[in-house]
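Colleague: This structure is in structure tokens; I'll ask about it shortly.
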Amino acid sequence: MPIVLPSDRPKFSWENLSVGDDLGRVEGRVDAAAVRTHAFAIGDDPKRYLGQQDGFAPPSLLVNDLLKLFLLGYDCTPPAVGGLHTKAQIDYLAPLPVGDPVVLTGTHVAKYVRRGRPHRSCASQAQTPSGNVVARMLATETVGYAVDEAGEHGQPPESWVDGFPRVEGQIDGSTRIEPGGAEPAVGQTLGPLVREVSFEESVAFSGFPFSWAQEHPSAVRIGLHTDPETARRAGYPRPVIQGLLSAGHLTQLLLDYYGDRVINGSKLALSFIAPVMTGSTLSSYATVRRQLDIDGRQVNELSLLTQDQDERLVTVGYARVPALGS
């Protein structure tokens, strides 16, 4: 079967979450239709992925479904507790050719409370049947929207950006460069990549988890990102754009400047710091902070940010991309 559920699926709730919980298994082939749908969702041109003789799956397509593995590990049928994605560490390790088989697996690795809010973290990966890992993610989400009066307990997972300075929203326009030129230098700014995110794009991004692995078309998954009424009940005026959609924008931005190196050994660490409604216009930037040697390989380190039409920061983080010739 392309989708394998764990043998015991408790109702999704804070009380039923345990570190070590298996999140199931998804196996299938990402076809051209899935690539076109995802490219539409992130406002990209599908020719970027399908225009070559051997096309490849958009890397953000894989990590989006890695996040959704928890839908298999637990009974999430309504009424079920919701939550918001707050952090993601993403490793792009190798391209996945369109039509090649891929297997998604994951497990819960942390359960903790910070600032009164319950959080959980899942480690998941996409790999070929032979075991070659093409993408990996460590994702953290809130469990519910209420504040826990117990305060703080438990430990979050470690991050390679622990101790890094906070990313601020000021962009120096004089340092901006266009794609297609020389390798971006330290201090130069990439972008902006500007995308207005429609309700239809949010539905395409969030409404059909694992569609490429299913034998038959499925109905849209109703939730905070795809249904106006669900969003209103949660206190939002419109559906909330999934945080990982901005990760798709930032990945596009890096692809524009660094090409295939982005999907061959890059990593991102992102924080989704503000909810964004459908209909918002998002602008994404990256600034080269430094070049460093990691295990004998030269790597570009960049700060990342996405802001909305009011210049409010909504996503911040860092990336490391292999340097030219490394």
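Chain labels follow the order of the structure tokens: the first chain is A, the next B, and so on; residue numbering restarts at 1 in every chain, and ligands are counted from 1 in their shown order.
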Can you pull out the residues contacting range 142-144 of chain A? Cut-off 8 Å, using only C-alpha atoms, and skip same-chain residues under 5 positions away; I want them as JSON, numbers by chain.

Modeller: {"A": [13, 14, 81, 82, 83, 84, 85, 86, 117, 118, 119, 120]}

Colleague: Hey, what's within 10 Å of Trp212 in chain A if we count only C-alpha atoms and toss same-chain stuff fewer than 4 positions away? As a list in words, please?

Modeller: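 Non-adjacent residues within range: Pro2, Val26, Glu27, Gly28, Arg29, Val30, Asp31, Ala32, Ala33, Ala34, Val35, Phe208, His216 and Pro217 of chain A.
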
Colleague: Restricting the calculation to only C-alpha atoms: of A:Asp8, A:Asp293, A:Asp162, A:Asp44, which residue gets closest to Glu196 in chain A?

Modeller: A:Asp44

Colleague: Which neighbours of Thr37 in chain A fall inside 12 Å, counting only C-alpha atoms, when residues of the same chain fewer than 6 positions from it are skipped, and could you give them as JSON, numbers by chain?

Modeller: {"A": [30, 31, 43, 44, 45, 46, 49, 57, 58, 61, 200, 201, 202, 203, 204, 205, 206, 207, 208, 209, 211, 212]}

Colleague: Let me see the file: selected residues, N, CA and C atoms, as a PDB file, in the first residue's frame.

Modeller:
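What ended up in out_9.pdb:
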ATOM      1  N   VAL A  30       6.311  11.001  -7.332  1.00  0.00           N
ATOM      2  CA  VAL A  30       5.859  12.365  -7.590  1.00  0.00           C
ATOM      3  C   VAL A  30       5.795  12.561  -9.104  1.00  0.00           C
ATOM      4  N   ASP A  31       4.580  12.723  -9.624  1.00  0.00           N
ATOM      5  CA  ASP A  31       4.416  12.841 -11.069  1.00  0.00           C
ATOM      6  C   ASP A  31       4.351  14.303 -11.499  1.00  0.00           C
ATOM      7  N   GLY A  43       3.548  29.866  -6.516  1.00  0.00           N
ATOM      8  CA  GLY A  43       3.722  30.951  -7.473  1.00  0.00           C
ATOM      9  C   GLY A  43       4.941  30.813  -8.353  1.00  0.00           C
ATOM     10  N   ASP A  44       5.347  29.583  -8.634  1.00  0.00           N
ATOM     11  CA  ASP A  44       6.544  29.344  -9.432  1.00  0.00           C
ATOM     12  C   ASP A  44       6.151  28.818 -10.813  1.00  0.00           C
ATOM     13  N   ASP A  45       7.117  28.828 -11.719  1.00  0.00           N
ATOM     14  CA  ASP A  45       6.914  28.326 -13.068  1.00  0.00           C
ATOM     15  C   ASP A  45       7.237  26.833 -13.080  1.00  0.00           C
ATOM     16  N   PRO A  46       6.291  25.964 -13.442  1.00  0.00           N
ATOM     17  CA  PRO A  46       6.593  24.527 -13.440  1.00  0.00           C
ATOM     18  C   PRO A  46       7.709  24.148 -14.401  1.00  0.00           C
ATOM     19  N   TYR A  49      11.029  23.001 -13.063  1.00  0.00           N
ATOM     20  CA  TYR A  49      11.167  21.626 -12.597  1.00  0.00           C
ATOM     21  C   TYR A  49      10.937  20.596 -13.700  1.00  0.00           C
ATOM     22  N   ALA A  57      11.437  16.992  -8.600  1.00  0.00           N
ATOM     23  CA  ALA A  57      10.337  17.449  -7.759  1.00  0.00           C
ATOM     24  C   ALA A  57      10.745  18.714  -7.023  1.00  0.00           C
ATOM     25  N   PRO A  58       9.858  19.715  -6.921  1.00  0.00           N
ATOM     26  CA  PRO A  58      10.184  20.892  -6.110  1.00  0.00           C
ATOM     27  C   PRO A  58      10.533  20.458  -4.693  1.00  0.00           C
ATOM     28  N   LEU A  61       7.886  20.694  -2.075  1.00  0.00           N
ATOM     29  CA  LEU A  61       6.785  19.735  -2.153  1.00  0.00           C
ATOM     30  C   LEU A  61       7.018  18.594  -1.177  1.00  0.00           C
ATOM     31  N   GLU A 200      -6.915  30.159  -3.431  1.00  0.00           N
ATOM     32  CA  GLU A 200      -6.764  28.956  -4.247  1.00  0.00           C
ATOM     33  C   GLU A 200      -5.370  28.359  -4.103  1.00  0.00           C
ATOM     34  N   GLU A 201      -4.350  29.214  -4.008  1.00  0.00           N
ATOM     35  CA  GLU A 201      -2.991  28.708  -3.818  1.00  0.00           C
ATOM     36  C   GLU A 201      -2.840  28.062  -2.449  1.00  0.00           C
ATOM     37  N   SER A 202      -3.467  28.640  -1.435  1.00  0.00           N
ATOM     38  CA  SER A 202      -3.415  28.041  -0.105  1.00  0.00           C
ATOM     39  C   SER A 202      -4.074  26.667  -0.098  1.00  0.00           C
ATOM     40  N   VAL A 203      -5.203  26.544  -0.791  1.00  0.00           N
ATOM     41  CA  VAL A 203      -5.877  25.246  -0.877  1.00  0.00           C
ATOM     42  C   VAL A 203      -4.997  24.238  -1.611  1.00  0.00           C
ATOM     43  N   ALA A 204      -4.378  24.649  -2.712  1.00  0.00           N
ATOM     44  CA  ALA A 204      -3.515  23.741  -3.467  1.00  0.00           C
ATOM     45  C   ALA A 204      -2.322  23.294  -2.634  1.00  0.00           C
ATOM     46  N   PHE A 205      -1.785  24.198  -1.811  1.00  0.00           N
ATOM     47  CA  PHE A 205      -0.611  23.873  -1.002  1.00  0.00           C
ATOM     48  C   PHE A 205      -0.969  22.955   0.161  1.00  0.00           C
ATOM     49  N   SER A 206      -2.092  23.212   0.815  1.00  0.00           N
ATOM     50  CA  SER A 206      -2.394  22.560   2.092  1.00  0.00           C
ATOM     51  C   SER A 206      -3.519  21.538   2.039  1.00  0.00           C
ATOM     52  N   GLY A 207      -4.290  21.521   0.967  1.00  0.00           N
ATOM     53  CA  GLY A 207      -5.525  20.757   0.987  1.00  0.00           C
ATOM     54  C   GLY A 207      -5.461  19.327   0.515  1.00  0.00           C
ATOM     55  N   PHE A 208      -4.325  18.895  -0.052  1.00  0.00           N
ATOM     56  CA  PHE A 208      -4.282  17.558  -0.641  1.00  0.00           C
ATOM     57  C   PHE A 208      -3.002  16.822  -0.245  1.00  0.00           C
ATOM     58  N   PRO A 209      -2.821  16.534   1.052  1.00  0.00           N
ATOM     59  CA  PRO A 209      -1.590  15.854   1.473  1.00  0.00           C
ATOM     60  C   PRO A 209      -1.445  14.484   0.818  1.00  0.00           C
ATOM     61  N   SER A 211      -1.144  13.574  -2.176  1.00  0.00           N
ATOM     62  CA  SER A 211      -1.975  13.289  -3.351  1.00  0.00           C
ATOM     63  C   SER A 211      -1.222  12.451  -4.379  1.00  0.00           C
ATOM     64  N   TRP A 212       0.089  12.652  -4.489  1.00  0.00           N
ATOM     65  CA  TRP A 212       0.895  11.918  -5.457  1.00  0.00           C
ATOM     66  C   TRP A 212       1.032  10.439  -5.095  1.00  0.00           C
TER      67      TRP A 212
END

Colleague: Using DSSP assignments from the backbone, pull out every residue in range 169-254 of chain A that falls under alpha helix (DSSP H) and give it to me as a ChimeraX atom specification.

Modeller: /A:199-206,228-233,243-254

Colleague: If we count only C-alpha atoms and set the cut-off at 9 Å, which residues sit around Asp75 in chain A, ignoring sequence neighbours fewer than 2 positions away in its own chain? Please answer as a PyMOL selection string.

Modeller: chain A and resi 9-12+71-73+77-78+80

Colleague: Go through A:Pro275, A:Gly24, A:Gly223, A:Gly317 and flag the residue nearest Gly106 in chain A, using only C-alpha atoms for the distances.

Modeller: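 The closest residue to Gly106 in chain A is A:Gly24.
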
Colleague: Which is closer to Asp54 in chain A than all the others in A:Leu67, A:Pro95, A:Val262, A:Val133, using only C-alpha atoms?

Modeller: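 Under the stated criterion, the closest residue is A:Pro95.
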
Colleague: By how many Å are CA of Leu193 in chain A and CA of Ala88 in chain A apart?

Modeller: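 Interatomic distance, CA of Leu193 in chain A to CA of Ala88 in chain A: 20.3 Å.
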
Colleague: Nearest residue to Leu253 in chain A out of A:Leu138, A:Ile3, A:Ala319, A:Val19, using only C-alpha atoms?

Modeller: A:Ala319

Colleague: From the options A:Gly99, A:Gly248, A:Pro322, A:Pro192, which residue's atoms come nearest to Thr287 in chain A, counting only C-alpha atoms?

Modeller: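 Under the stated criterion, the closest residue is A:Pro192.
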
Colleague: Gly265 in chain A: which residues within 10 Å, counting only C-alpha atoms, same-chain residues fewer than 2 positions away excluded, as a PyMOL selection string?

Modeller: chain A and resi 91-95+134-135+260-263+267+299+320-322

Colleague: Kindly indicate which residue among A:Lys68, A:Arg238, A:Arg290, A:His108 lies nearest to Pro156 in chain A, using only C-alpha atoms for the distances.

Modeller: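 Checking each candidate against Pro156 in chain A, we get A:His108 as the closest.
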